[in-house]
Amino acid sequence: MSRDVSARYTQLLQADPASSSAAAIKALTEIVSSSSSTTIMGLRDDLIHAGQALGQRHDAPISIASLCELFVRFVTRTALETRDFEACRRLIGERGEQFALSVREAPRKIAKLGAPFVNEGGAVMTLGYSRIVTALLLEAAATKHFSVIVAESHPHGDGHRTARELLAAGVPVTMVEDAAVAYVIARCQMTLVGAEAVAESGGIINKAGTLQMAIVAHVCKRPFYVASESTKFARMFPLSQLDVPKTEQVRTHAAFVGQDPPPPQLVVEAPSRDYTPPCYITMLFTDLGVLTPSAVSDELIKLFD
Amino acid sequence: MAVDEESLAGLSPAVQQEIGRFIAKLRRRQISSSQDVARKTLEIMRLTVATAASKDISSLIELIKAAGRAIVASSPHELTVGNMVRRVLQIVREETADDGTKGGLSAPTVEGGESTSAGGGGGSGPSLMKLLDAPDTTDYNRQPVKTVKSPILEAINELIDELSHVCSHIAEQAIEHIHANEVILTHGRDHAVEAFLKAAHKKRRFEVIVAETALSGAGRETAVVLADAGISTTLISDAAVFAMMARVNKVIIGAHAVMANGGLIATAGSHLLALAAQHASVPFVACAGLHKLTPIFLSNPEQFNVLLSPQPLLQYDEGLQGVHAPNPAFDLVPPELVSLLVTNIGGNHPSYIYRLLSEYYHQEDHNLFVN
């Protein structure tokens, strides 16, 4: 069973690599419709196991636990209202598909909500690549003139993708190194980043370099906005960088690319994610609306209590 | 400049006339208290609903929006107008939804039950819990106005009634916030703050320092009113605020509007006051009725400011030629400087405002100018 869901997830992710949450939702929906259980409790257990199986994968969304909880809750509630098991299962399947579709709509919704925050003639700083941030900036660019400063975001260099997409739409882009974020902040009106996950504290887990940008923005009193779907809300409460889920990949440290191999006794650390605490975040643009960090915990508490 | 004729086409002549009069009064600043503005707006809304010839709810909503837009467009800085229009729209939506479930218009049992069970007090806004639920299917086009008209009018009347108690509800909380022998700093003139201080005076002895609030001198009026009420009052100049702050236990001010991020639009000088309070770690409390709750995020602070007459700053015959004398009416106080917002339903932290917004306004109504 768990092997099935994992394999299916891989397929779905290959078909649409843009959104791991949509793939996870689809995989969970399929569990419901293909499950051999004949009772609601059985269905619940199948869902929970599938969620756990996905949770062990490194390419699964960090928020997989809360996504799974959404389904489990819905199963319980539907069961209370509908007596017929088959009807219940069908309903859950239908809603799951609708949900996966609505996840695709989320970037457009968030873009509409967040675009008014970009000022005419201002400069927006961002880092790495995020579908939603790009969508938001393109939406704003339809009615306003502004420029974007993109931090490259080592070690992946995703910032170049953002720059390419924005340039194609005619938005002026300046590329800077991650280390130059503090240098350019004075010219920026606001900073805007995406998120891999939004923690219960309202803080975010995102590409390494996000925390540093947030601290710089905080010190220079620039608003630091986050654009993220609500499917990325994760039930976790990181207290320090040690609590950030590790990614599997082992990479050569950016500083040594194209140079002599580093001395063997040198320890090389190249974290790909970091955790930005809520105190640095001004607002989060989500498909649930524009939220303060404390609103995120509110949503998650409502889901799990 | 006349009211946009086209947008008012669907409204009855009586409503159009009322709107025209109201707009003229707002322009001449004959109504300045936000409570009066709110009441007048609600009265116009009541008339709009009562005289509406619309057959279905969606055209009623459009009609209300059109009336609201006409007033808002003429004086965009009176944010209370928009807020009241949104409250009325929310009433219409709620009454329609109630009627729908009662009349059994929305079909299967599963969907029907959700509108009540899923909410959990979270208001009308979307929530993580509701992601898997069926989308809100209230079909405003098919609902007749006739059945809901009287409950809507009743709810508007209740809202008008609630408005007249805003100050007293805020004042009731005063003794929780003002303790014996405290020193309170305030500025400007605000009815809610006045009522708040007077209510506390009934139970406690405390001292109030009032900053004069040049150029309007509104602080002087407050000082006179408070001294008349028997409160020990000290009047200082605005420049002395920082020096006095060390002795102050609490800053209490009124607000023109509370924005969606929890920030305030308040009398010019409030931001300075808030910064001085932060420097001295003095709590900064704002008193504002819920009619001032505005679901708009200000990205540009100048967006909602008004420039008043430069006369008190620079006399006409003073002979200073080529000198600019702007006299902005408002300041934008960022939410991180506000410790507490005392509203007529209780005290709230600015970070909690989003919750009130989803409770009182429908998300589709946040921007009245988008259909």
# chains A, B, ... in the order shown; residues from 1 in each chain; ligands from 1
>>> interface_residues(of="chain A", to="chain B", cutoff="7 Å", atoms="only C-alpha atoms", output="ChimeraX atom specification")
/A:70,81,95-96,99,117,230,288,291-292,294,299,303
>>> select_by_dssp(residues="range 159-216 of chain A", states="strand (DSSP E or B)", output="PyMOL selection string")
chain A and resi 173-176+190-193+197-198+204-207
>>> residues_around(residues="Lys144 in chain A", least_positions_apart="4", cutoff="9 Å", atoms="only C-alpha atoms", output="number ranges by chain")
A: 118-121, 140
>>> residues_around(residues="Leu63 in chain B", least_positions_apart="3", cutoff="9 Å", atoms="only C-alpha atoms", output="ChimeraX atom specification")
/B:7-8,10-11,48-49,52,54,58-60,66-68
>>> residues_around(residues="range 155-162 of chain B", least_positions_apart="5", cutoff="9 Å", atoms="only C-alpha atoms", output="ChimeraX atom specification")
/B:38-39,42-43,45-46,87-88,91,95,150
>>> atom_distance(atom1="CA of Tyr129 in chain A", atom2="CA of Tyr9 in chain A")
22.9 Å
>>> select_by_dssp(residues="range 69-275 of chain B", states="helix (DSSP H, G or I)", output="PyMOL selection string")
chain B and resi 69-74+79-103+109-117+128-130+146-164+166-172+174-177+191-203+218-228+238-245+270-275
>>> residues_around(residues="Ala214 in chain B", least_positions_apart="6", cutoff="9 Å", atoms="only C-alpha atoms", output="PyMOL selection string")
chain B and resi 188+237-238+269+312-313
>>> residues_around(residues="Arg90 in chain A", least_positions_apart="2", cutoff="12 Å", atoms="only C-alpha atoms", output="PDB file with N, CA, C and O atoms, in the first residue's frame")
ATOM      1  N   THR A  29      -5.944  11.453  -2.771  1.00  0.00           N
ATOM      2  CA  THR A  29      -7.287  11.252  -3.298  1.00  0.00           C
ATOM      3  C   THR A  29      -7.419   9.863  -3.906  1.00  0.00           C
ATOM      4  O   THR A  29      -8.418   9.169  -3.718  1.00  0.00           O
ATOM      5  N   GLU A  30      -6.354   9.459  -4.620  1.00  0.00           N
ATOM      6  CA  GLU A  30      -6.397   8.134  -5.251  1.00  0.00           C
ATOM      7  C   GLU A  30      -6.424   7.025  -4.219  1.00  0.00           C
ATOM      8  O   GLU A  30      -7.034   5.973  -4.441  1.00  0.00           O
ATOM      9  N   ILE A  31      -5.749   7.275  -3.085  1.00  0.00           N
ATOM     10  CA  ILE A  31      -5.798   6.292  -2.002  1.00  0.00           C
ATOM     11  C   ILE A  31      -7.252   6.065  -1.595  1.00  0.00           C
ATOM     12  O   ILE A  31      -7.704   4.931  -1.429  1.00  0.00           O
ATOM     13  N   VAL A  32      -7.984   7.169  -1.461  1.00  0.00           N
ATOM     14  CA  VAL A  32      -9.379   7.057  -1.031  1.00  0.00           C
ATOM     15  C   VAL A  32     -10.193   6.268  -2.041  1.00  0.00           C
ATOM     16  O   VAL A  32     -10.930   5.351  -1.695  1.00  0.00           O
ATOM     17  N   SER A  33     -10.032   6.604  -3.340  1.00  0.00           N
ATOM     18  CA  SER A  33     -10.900   5.938  -4.315  1.00  0.00           C
ATOM     19  C   SER A  33     -10.472   4.500  -4.584  1.00  0.00           C
ATOM     20  O   SER A  33     -11.295   3.679  -4.989  1.00  0.00           O
ATOM     21  N   SER A  34      -9.171   4.157  -4.359  1.00  0.00           N
ATOM     22  CA  SER A  34      -8.741   2.792  -4.678  1.00  0.00           C
ATOM     23  C   SER A  34      -8.665   1.912  -3.441  1.00  0.00           C
ATOM     24  O   SER A  34      -8.375   0.727  -3.537  1.00  0.00           O
ATOM     25  N   SER A  35      -8.926   2.486  -2.262  1.00  0.00           N
ATOM     26  CA  SER A  35      -8.780   1.717  -1.024  1.00  0.00           C
ATOM     27  C   SER A  35      -9.738   0.525  -0.993  1.00  0.00           C
ATOM     28  O   SER A  35     -10.873   0.604  -1.474  1.00  0.00           O
ATOM     29  N   VAL A  75     -12.802  13.157   6.090  1.00  0.00           N
ATOM     30  CA  VAL A  75     -13.387  11.806   6.100  1.00  0.00           C
ATOM     31  C   VAL A  75     -14.283  11.656   7.326  1.00  0.00           C
ATOM     32  O   VAL A  75     -15.437  11.242   7.223  1.00  0.00           O
ATOM     33  N   THR A  78     -17.449  13.864   6.969  1.00  0.00           N
ATOM     34  CA  THR A  78     -18.386  13.376   5.958  1.00  0.00           C
ATOM     35  C   THR A  78     -19.100  12.134   6.471  1.00  0.00           C
ATOM     36  O   THR A  78     -20.288  11.954   6.256  1.00  0.00           O
ATOM     37  N   ALA A  79     -18.340  11.308   7.189  1.00  0.00           N
ATOM     38  CA  ALA A  79     -18.926  10.070   7.710  1.00  0.00           C
ATOM     39  C   ALA A  79     -20.058  10.375   8.682  1.00  0.00           C
ATOM     40  O   ALA A  79     -21.045   9.649   8.751  1.00  0.00           O
ATOM     41  N   THR A  82     -22.994  11.567   6.191  1.00  0.00           N
ATOM     42  CA  THR A  82     -23.523  10.620   5.212  1.00  0.00           C
ATOM     43  C   THR A  82     -23.404   9.217   5.778  1.00  0.00           C
ATOM     44  O   THR A  82     -22.333   8.815   6.208  1.00  0.00           O
ATOM     45  N   ASP A  84     -24.094   6.378   4.058  1.00  0.00           N
ATOM     46  CA  ASP A  84     -23.713   5.404   3.034  1.00  0.00           C
ATOM     47  C   ASP A  84     -22.216   5.486   2.752  1.00  0.00           C
ATOM     48  O   ASP A  84     -21.710   6.534   2.358  1.00  0.00           O
ATOM     49  N   PHE A  85     -21.497   4.376   2.965  1.00  0.00           N
ATOM     50  CA  PHE A  85     -20.042   4.390   2.827  1.00  0.00           C
ATOM     51  C   PHE A  85     -19.586   4.741   1.415  1.00  0.00           C
ATOM     52  O   PHE A  85     -18.689   5.560   1.215  1.00  0.00           O
ATOM     53  N   GLU A  86     -20.239   4.100   0.414  1.00  0.00           N
ATOM     54  CA  GLU A  86     -19.811   4.328  -0.968  1.00  0.00           C
ATOM     55  C   GLU A  86     -20.012   5.786  -1.377  1.00  0.00           C
ATOM     56  O   GLU A  86     -19.161   6.385  -2.025  1.00  0.00           O
ATOM     57  N   ALA A  87     -21.166   6.348  -0.974  1.00  0.00           N
ATOM     58  CA  ALA A  87     -21.452   7.740  -1.302  1.00  0.00           C
ATOM     59  C   ALA A  87     -20.401   8.644  -0.665  1.00  0.00           C
ATOM     60  O   ALA A  87     -19.912   9.594  -1.277  1.00  0.00           O
ATOM     61  N   CYS A  88     -20.059   8.279   0.545  1.00  0.00           N
ATOM     62  CA  CYS A  88     -19.078   9.039   1.299  1.00  0.00           C
ATOM     63  C   CYS A  88     -17.734   9.021   0.583  1.00  0.00           C
ATOM     64  O   CYS A  88     -17.086  10.042   0.376  1.00  0.00           O
ATOM     65  N   ILE A  92     -15.629  12.172  -1.142  1.00  0.00           N
ATOM     66  CA  ILE A  92     -14.263  12.536  -0.773  1.00  0.00           C
ATOM     67  C   ILE A  92     -13.376  12.568  -2.009  1.00  0.00           C
ATOM     68  O   ILE A  92     -12.571  13.479  -2.198  1.00  0.00           O
ATOM     69  N   GLY A  93     -13.565  11.569  -2.886  1.00  0.00           N
ATOM     70  CA  GLY A  93     -12.798  11.540  -4.129  1.00  0.00           C
ATOM     71  C   GLY A  93     -13.026  12.784  -4.958  1.00  0.00           C
ATOM     72  O   GLY A  93     -12.085  13.422  -5.432  1.00  0.00           O
ATOM     73  N   GLU A  94     -14.307  13.161  -5.091  1.00  0.00           N
ATOM     74  CA  GLU A  94     -14.630  14.352  -5.901  1.00  0.00           C
ATOM     75  C   GLU A  94     -13.997  15.613  -5.324  1.00  0.00           C
ATOM     76  O   GLU A  94     -13.378  16.395  -6.030  1.00  0.00           O
ATOM     77  N   ARG A  95     -14.156  15.754  -4.012  1.00  0.00           N
ATOM     78  CA  ARG A  95     -13.611  16.951  -3.363  1.00  0.00           C
ATOM     79  C   ARG A  95     -12.090  17.010  -3.477  1.00  0.00           C
ATOM     80  O   ARG A  95     -11.513  18.061  -3.660  1.00  0.00           O
ATOM     81  N   GLY A  96     -11.460  15.844  -3.357  1.00  0.00           N
ATOM     82  CA  GLY A  96     -10.006  15.786  -3.483  1.00  0.00           C
ATOM     83  C   GLY A  96      -9.569  16.289  -4.842  1.00  0.00           C
ATOM     84  O   GLY A  96      -8.615  17.070  -4.956  1.00  0.00           O
ATOM     85  N   GLU A  97     -10.305  15.896  -5.888  1.00  0.00           N
ATOM     86  CA  GLU A  97      -9.938  16.355  -7.233  1.00  0.00           C
ATOM     87  C   GLU A  97     -10.134  17.860  -7.369  1.00  0.00           C
ATOM     88  O   GLU A  97      -9.301  18.556  -7.941  1.00  0.00           O
TER      89      GLU A  97
END
>>> closest_residue(among="A:Leu138, A:Val198, A:Leu101, A:Leu211", to="Asp274 in chain A", atoms="only C-alpha atoms")
A:Leu211
>>> atom_distance(atom1="CA of Asp45 in chain A", atom2="CA of Pro17 in chain A")
27.9 Å
>>> decode(residues="range 65-100 of chain B", atoms="N, CA, C and O atoms", output="mmCIF file, in the first residue's frame")
data_model
loop_
_atom_site.group_PDB
_atom_site.id
_atom_site.type_symbol
_atom_site.label_atom_id
_atom_site.label_comp_id
_atom_site.auth_asym_id
_atom_site.auth_seq_id
_atom_site.Cartn_x
_atom_site.Cartn_y
_atom_site.Cartn_z
ATOM 1 N N LYS B 65 -23.621 48.615 -3.661
ATOM 2 C CA LYS B 65 -22.234 48.953 -4.000
ATOM 3 C C LYS B 65 -22.173 50.260 -4.784
ATOM 4 O O LYS B 65 -21.290 51.087 -4.562
ATOM 5 N N ALA B 66 -23.120 50.436 -5.724
ATOM 6 C CA ALA B 66 -23.103 51.647 -6.554
ATOM 7 C C ALA B 66 -23.307 52.875 -5.684
ATOM 8 O O ALA B 66 -22.604 53.886 -5.829
ATOM 9 N N ALA B 67 -24.274 52.790 -4.756
ATOM 10 C CA ALA B 67 -24.516 53.907 -3.852
ATOM 11 C C ALA B 67 -23.266 54.186 -3.020
ATOM 12 O O ALA B 67 -22.848 55.343 -2.860
ATOM 13 N N GLY B 68 -22.670 53.109 -2.509
ATOM 14 C CA GLY B 68 -21.455 53.242 -1.702
ATOM 15 C C GLY B 68 -20.324 53.863 -2.488
ATOM 16 O O GLY B 68 -19.655 54.786 -2.025
ATOM 17 N N ARG B 69 -20.147 53.372 -3.721
ATOM 18 C CA ARG B 69 -19.058 53.873 -4.557
ATOM 19 C C ARG B 69 -19.173 55.375 -4.775
ATOM 20 O O ARG B 69 -18.180 56.092 -4.741
ATOM 21 N N ALA B 70 -20.413 55.835 -4.990
ATOM 22 C CA ALA B 70 -20.606 57.263 -5.273
ATOM 23 C C ALA B 70 -20.115 58.094 -4.092
ATOM 24 O O ALA B 70 -19.422 59.102 -4.280
ATOM 25 N N ILE B 71 -20.436 57.667 -2.867
ATOM 26 C CA ILE B 71 -20.016 58.442 -1.702
ATOM 27 C C ILE B 71 -18.518 58.296 -1.469
ATOM 28 O O ILE B 71 -17.815 59.282 -1.227
ATOM 29 N N VAL B 72 -18.039 57.061 -1.553
ATOM 30 C CA VAL B 72 -16.613 56.819 -1.290
ATOM 31 C C VAL B 72 -15.753 57.605 -2.280
ATOM 32 O O VAL B 72 -14.775 58.236 -1.905
ATOM 33 N N ALA B 73 -16.162 57.593 -3.557
ATOM 34 C CA ALA B 73 -15.351 58.260 -4.566
ATOM 35 C C ALA B 73 -15.275 59.759 -4.304
ATOM 36 O O ALA B 73 -14.279 60.408 -4.613
ATOM 37 N N SER B 74 -16.328 60.323 -3.709
ATOM 38 C CA SER B 74 -16.319 61.769 -3.510
ATOM 39 C C SER B 74 -15.452 62.162 -2.311
ATOM 40 O O SER B 74 -14.873 63.237 -2.299
ATOM 41 N N SER B 75 -15.377 61.334 -1.290
ATOM 42 C CA SER B 75 -14.443 61.640 -0.197
ATOM 43 C C SER B 75 -13.759 60.363 0.283
ATOM 44 O O SER B 75 -14.184 59.745 1.246
ATOM 45 N N PRO B 76 -12.703 59.973 -0.450
ATOM 46 C CA PRO B 76 -12.040 58.700 -0.187
ATOM 47 C C PRO B 76 -11.388 58.622 1.194
ATOM 48 O O PRO B 76 -11.128 57.527 1.685
ATOM 49 N N HIS B 77 -11.122 59.771 1.821
ATOM 50 C CA HIS B 77 -10.448 59.710 3.123
ATOM 51 C C HIS B 77 -11.414 59.388 4.262
ATOM 52 O O HIS B 77 -10.995 59.049 5.349
ATOM 53 N N GLU B 78 -12.732 59.513 3.991
ATOM 54 C CA GLU B 78 -13.701 59.116 5.020
ATOM 55 C C GLU B 78 -13.910 57.610 4.930
ATOM 56 O O GLU B 78 -14.859 57.116 4.341
ATOM 57 N N LEU B 79 -12.970 56.872 5.515
ATOM 58 C CA LEU B 79 -12.979 55.420 5.334
ATOM 59 C C LEU B 79 -14.192 54.760 5.968
ATOM 60 O O LEU B 79 -14.594 53.664 5.580
ATOM 61 N N THR B 80 -14.788 55.450 6.944
ATOM 62 C CA THR B 80 -15.950 54.889 7.629
ATOM 63 C C THR B 80 -17.095 54.599 6.656
ATOM 64 O O THR B 80 -17.816 53.624 6.831
ATOM 65 N N VAL B 81 -17.253 55.454 5.649
ATOM 66 C CA VAL B 81 -18.334 55.271 4.678
ATOM 67 C C VAL B 81 -18.236 53.885 4.049
ATOM 68 O O VAL B 81 -19.188 53.105 4.079
ATOM 69 N N GLY B 82 -17.039 53.586 3.511
ATOM 70 C CA GLY B 82 -16.831 52.289 2.872
ATOM 71 C C GLY B 82 -17.083 51.145 3.845
ATOM 72 O O GLY B 82 -17.693 50.136 3.496
ATOM 73 N N ASN B 83 -16.623 51.333 5.089
ATOM 74 C CA ASN B 83 -16.794 50.270 6.085
ATOM 75 C C ASN B 83 -18.256 49.956 6.322
ATOM 76 O O ASN B 83 -18.652 48.795 6.431
ATOM 77 N N MET B 84 -19.066 51.017 6.421
ATOM 78 C CA MET B 84 -20.483 50.807 6.697
ATOM 79 C C MET B 84 -21.164 50.137 5.505
ATOM 80 O O MET B 84 -22.022 49.275 5.675
ATOM 81 N N VAL B 85 -20.773 50.535 4.299
ATOM 82 C CA VAL B 85 -21.332 49.903 3.104
ATOM 83 C C VAL B 85 -20.996 48.405 3.125
ATOM 84 O O VAL B 85 -21.852 47.555 2.870
ATOM 85 N N ARG B 86 -19.752 48.085 3.505
ATOM 86 C CA ARG B 86 -19.354 46.671 3.560
ATOM 87 C C ARG B 86 -20.129 45.920 4.626
ATOM 88 O O ARG B 86 -20.479 44.755 4.446
ATOM 89 N N ARG B 87 -20.385 46.595 5.747
ATOM 90 C CA ARG B 87 -21.160 45.935 6.807
ATOM 91 C C ARG B 87 -22.563 45.601 6.299
ATOM 92 O O ARG B 87 -23.085 44.514 6.554
ATOM 93 N N VAL B 88 -23.178 46.554 5.576
ATOM 94 C CA VAL B 88 -24.527 46.325 5.044
ATOM 95 C C VAL B 88 -24.499 45.168 4.040
ATOM 96 O O VAL B 88 -25.370 44.294 4.061
ATOM 97 N N LEU B 89 -23.466 45.154 3.193
ATOM 98 C CA LEU B 89 -23.354 44.066 2.216
ATOM 99 C C LEU B 89 -23.248 42.720 2.930
ATOM 100 O O LEU B 89 -23.856 41.723 2.522
ATOM 101 N N GLN B 90 -22.483 42.706 4.008
ATOM 102 C CA GLN B 90 -22.323 41.475 4.787
ATOM 103 C C GLN B 90 -23.673 41.043 5.364
ATOM 104 O O GLN B 90 -24.004 39.860 5.373
ATOM 105 N N ILE B 91 -24.445 42.016 5.830
ATOM 106 C CA ILE B 91 -25.783 41.719 6.357
ATOM 107 C C ILE B 91 -26.626 41.063 5.267
ATOM 108 O O ILE B 91 -27.255 40.031 5.478
ATOM 109 N N VAL B 92 -26.611 41.678 4.082
ATOM 110 C CA VAL B 92 -27.392 41.131 2.965
ATOM 111 C C VAL B 92 -26.975 39.695 2.687
ATOM 112 O O VAL B 92 -27.808 38.793 2.556
ATOM 113 N N ARG B 93 -25.666 39.463 2.626
ATOM 114 C CA ARG B 93 -25.179 38.110 2.322
ATOM 115 C C ARG B 93 -25.585 37.129 3.406
ATOM 116 O O ARG B 93 -25.979 35.995 3.122
ATOM 117 N N GLU B 94 -25.463 37.556 4.655
ATOM 118 C CA GLU B 94 -25.804 36.656 5.758
ATOM 119 C C GLU B 94 -27.283 36.295 5.743
ATOM 120 O O GLU B 94 -27.642 35.133 5.871
ATOM 121 N N GLU B 95 -28.117 37.328 5.583
ATOM 122 C CA GLU B 95 -29.556 37.080 5.591
ATOM 123 C C GLU B 95 -29.939 36.152 4.443
ATOM 124 O O GLU B 95 -30.768 35.270 4.597
ATOM 125 N N THR B 96 -29.296 36.352 3.289
ATOM 126 C CA THR B 96 -29.587 35.512 2.136
ATOM 127 C C THR B 96 -29.208 34.069 2.420
ATOM 128 O O THR B 96 -29.963 33.141 2.134
ATOM 129 N N ALA B 97 -28.009 33.887 3.006
ATOM 130 C CA ALA B 97 -27.536 32.538 3.297
ATOM 131 C C ALA B 97 -28.474 31.856 4.293
ATOM 132 O O ALA B 97 -28.842 30.694 4.123
ATOM 133 N N ASP B 98 -28.880 32.595 5.332
ATOM 134 C CA ASP B 98 -29.793 32.036 6.338
ATOM 135 C C ASP B 98 -31.082 31.594 5.686
ATOM 136 O O ASP B 98 -31.573 30.499 5.909
ATOM 137 N N ASP B 99 -31.596 32.495 4.850
ATOM 138 C CA ASP B 99 -32.860 32.216 4.184
ATOM 139 C C ASP B 99 -32.736 30.980 3.316
ATOM 140 O O ASP B 99 -33.617 30.141 3.259
ATOM 141 N N GLY B 100 -31.579 30.860 2.630
ATOM 142 C CA GLY B 100 -31.345 29.726 1.745
ATOM 143 C C GLY B 100 -31.391 28.405 2.490
ATOM 144 O O GLY B 100 -32.041 27.459 2.060
#
